[in-house]
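The file target.pdb contains PDB, C-alpha atoms, pLDDT in the B column:
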MODEL        1
ATOM      1  CA  MET A   1     114.598  40.063 -27.758  1.00 50.00           C
ATOM      2  CA  ALA A   2     116.558  37.774 -30.031  1.00 65.00           C
ATOM      3  CA  LYS A   3     120.331  37.746 -29.891  1.00 78.00           C
ATOM      4  CA  LYS A   4     122.246  38.740 -32.982  1.00 80.00           C
ATOM      5  CA  SER A   5     124.143  35.883 -34.525  1.00 91.00           C
ATOM      6  CA  LYS A   6     127.916  35.996 -34.842  1.00 92.00           C
ATOM      7  CA  LEU A   7     127.512  36.209 -38.607  1.00 93.00           C
ATOM      8  CA  THR A   8     125.383  39.347 -38.273  1.00 93.00           C
ATOM      9  CA  GLN A   9     127.860  40.913 -35.863  1.00 92.00           C
ATOM     10  CA  VAL A  10     130.769  40.211 -38.203  1.00 94.00           C
ATOM     11  CA  ALA A  11     128.807  41.535 -41.181  1.00 94.00           C
ATOM     12  CA  VAL A  12     128.137  44.788 -39.317  1.00 94.00           C
ATOM     13  CA  LYS A  13     131.823  45.175 -38.456  1.00 95.00           C
ATOM     14  CA  ILE A  14     132.837  44.507 -42.068  1.00 97.00           C
ATOM     15  CA  GLY A  15     130.270  46.995 -43.357  1.00 96.00           C
ATOM     16  CA  ALA A  16     131.446  49.651 -40.919  1.00 97.00           C
ATOM     17  CA  ALA A  17     135.077  49.121 -41.899  1.00 97.00           C
ATOM     18  CA  MET A  18     134.195  49.331 -45.591  1.00 97.00           C
ATOM     19  CA  GLY A  19     132.265  52.534 -44.958  1.00 97.00           C
ATOM     20  CA  ARG A  20     135.221  54.122 -43.169  1.00 97.00           C
ATOM     21  CA  ALA A  21     137.601  53.041 -45.925  1.00 97.00           C
ATOM     22  CA  ASP A  22     135.277  54.421 -48.607  1.00 97.00           C
ATOM     23  CA  ARG A  23     134.979  57.742 -46.812  1.00 97.00           C
ATOM     24  CA  LYS A  24     138.749  58.023 -46.461  1.00 97.00           C
ATOM     25  CA  ALA A  25     139.187  57.198 -50.164  1.00 97.00           C
ATOM     26  CA  GLN A  26     136.742  59.978 -51.069  1.00 97.00           C
ATOM     27  CA  GLN A  27     138.641  62.443 -48.888  1.00 97.00           C
ATOM     28  CA  VAL A  28     141.949  61.490 -50.499  1.00 96.00           C
ATOM     29  CA  ALA A  29     140.475  61.824 -53.995  1.00 97.00           C
ATOM     30  CA  LYS A  30     139.031  65.239 -53.133  1.00 97.00           C
ATOM     31  CA  ALA A  31     142.382  66.385 -51.753  1.00 97.00           C
ATOM     32  CA  GLY A  32     144.079  65.164 -54.929  1.00 96.00           C
ATOM     33  CA  VAL A  33     141.751  67.186 -57.136  1.00 96.00           C
ATOM     34  CA  LEU A  34     142.320  70.277 -55.003  1.00 97.00           C
ATOM     35  CA  ALA A  35     146.098  69.806 -55.124  1.00 97.00           C
ATOM     36  CA  LYS A  36     145.950  69.460 -58.912  1.00 97.00           C
ATOM     37  CA  LYS A  37     144.042  72.739 -59.222  1.00 97.00           C
ATOM     38  CA  GLU A  38     146.496  74.523 -56.916  1.00 97.00           C
ATOM     39  CA  LEU A  39     149.467  73.173 -58.851  1.00 97.00           C
ATOM     40  CA  HIS A  40     147.942  74.395 -62.113  1.00 97.00           C
ATOM     41  CA  ALA A  41     147.404  77.871 -60.629  1.00 97.00           C
ATOM     42  CA  ILE A  42     150.983  77.980 -59.346  1.00 98.00           C
ATOM     43  CA  SER A  43     152.364  76.940 -62.732  1.00 97.00           C
ATOM     44  CA  LYS A  44     150.406  79.775 -64.368  1.00 97.00           C
ATOM     45  CA  GLN A  45     151.911  82.245 -61.896  1.00 98.00           C
ATOM     46  CA  VAL A  46     155.406  80.912 -62.618  1.00 98.00           C
ATOM     47  CA  ASP A  47     154.832  81.367 -66.366  1.00 97.00           C
ATOM     48  CA  VAL A  48     153.758  84.971 -65.825  1.00 97.00           C
ATOM     49  CA  LEU A  49     156.818  85.619 -63.675  1.00 98.00           C
ATOM     50  CA  LYS A  50     159.087  84.095 -66.337  1.00 97.00           C
ATOM     51  CA  ARG A  51     157.636  86.418 -68.968  1.00 97.00           C
ATOM     52  CA  GLN A  52     158.082  89.417 -66.681  1.00 97.00           C
ATOM     53  CA  LEU A  53     161.665  88.421 -66.000  1.00 97.00           C
ATOM     54  CA  LEU A  54     162.415  88.134 -69.719  1.00 97.00           C
ATOM     55  CA  GLN A  55     160.898  91.536 -70.404  1.00 97.00           C
ATOM     56  CA  THR A  56     162.795  93.128 -67.538  1.00 97.00           C
ATOM     57  CA  THR A  57     166.032  91.521 -68.708  1.00 96.00           C
ATOM     58  CA  LYS A  58     165.507  92.903 -72.224  1.00 96.00           C
ATOM     59  CA  ARG A  59     164.814  96.387 -70.865  1.00 95.00           C
ATOM     60  CA  LEU A  60     167.866  96.256 -68.615  1.00 95.00           C
ATOM     61  CA  ARG A  61     170.162  95.123 -71.420  1.00 93.00           C
ATOM     62  CA  LYS A  62     168.778  97.846 -73.673  1.00 93.00           C
ATOM     63  CA  ALA A  63     169.303 100.469 -70.953  1.00 93.00           C
ATOM     64  CA  LEU A  64     172.879  99.338 -70.261  1.00 91.00           C
ATOM     65  CA  SER A  65     173.974  99.250 -73.883  1.00 84.00           C
TER      66      SER A  65
ENDMDL
END
Could I get this file's structure written as structure tokens?
Amino acid sequence: MAKKSKLTQVAVKIGAAMGRADRKAQQVAKAGVLAKKELHAISKQVDVLKRQLLQTTKRLRKALS
């Protein structure tokens, strides 16, 4: 069985490192997309709560006057 050359061994190590880095980059990108969706959903909830607060404030002022 022929021995692998140093060049082949180094190429395998470089390829493996690139593969790990690519996988990690994909995971980070996926997490970023998920965080963006969650932030959008939270901002919608905040908008709804703001509207409810305004309506409640109007009702309370009307009731107190």
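Interatomic distance, CA of Lys24 (chain A) to CA of Leu39 (chain A): 22.3 Å.
Taking CA of Ala25 (chain A) and CA of Val10 (chain A) as the two end points, the separation is 22.4 Å.
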Would you compute an axis-aligned box for region 17-33 of chain A, covering every atom listed for it in the file with 8 Å of margin on each side, and report centre and edge lengths in Å to one decimal as AutoDock Vina command-line options?
--center_x 138.2 --center_y 58.2 --center_z -49.5 --size_x 27.8 --size_y 34.1 --size_z 31.2
>> To one decimal place in Å, what is the distance between CA of Asp47 (chain A) and CA of Gly32 (chain A)?
In response: 22.6 Å
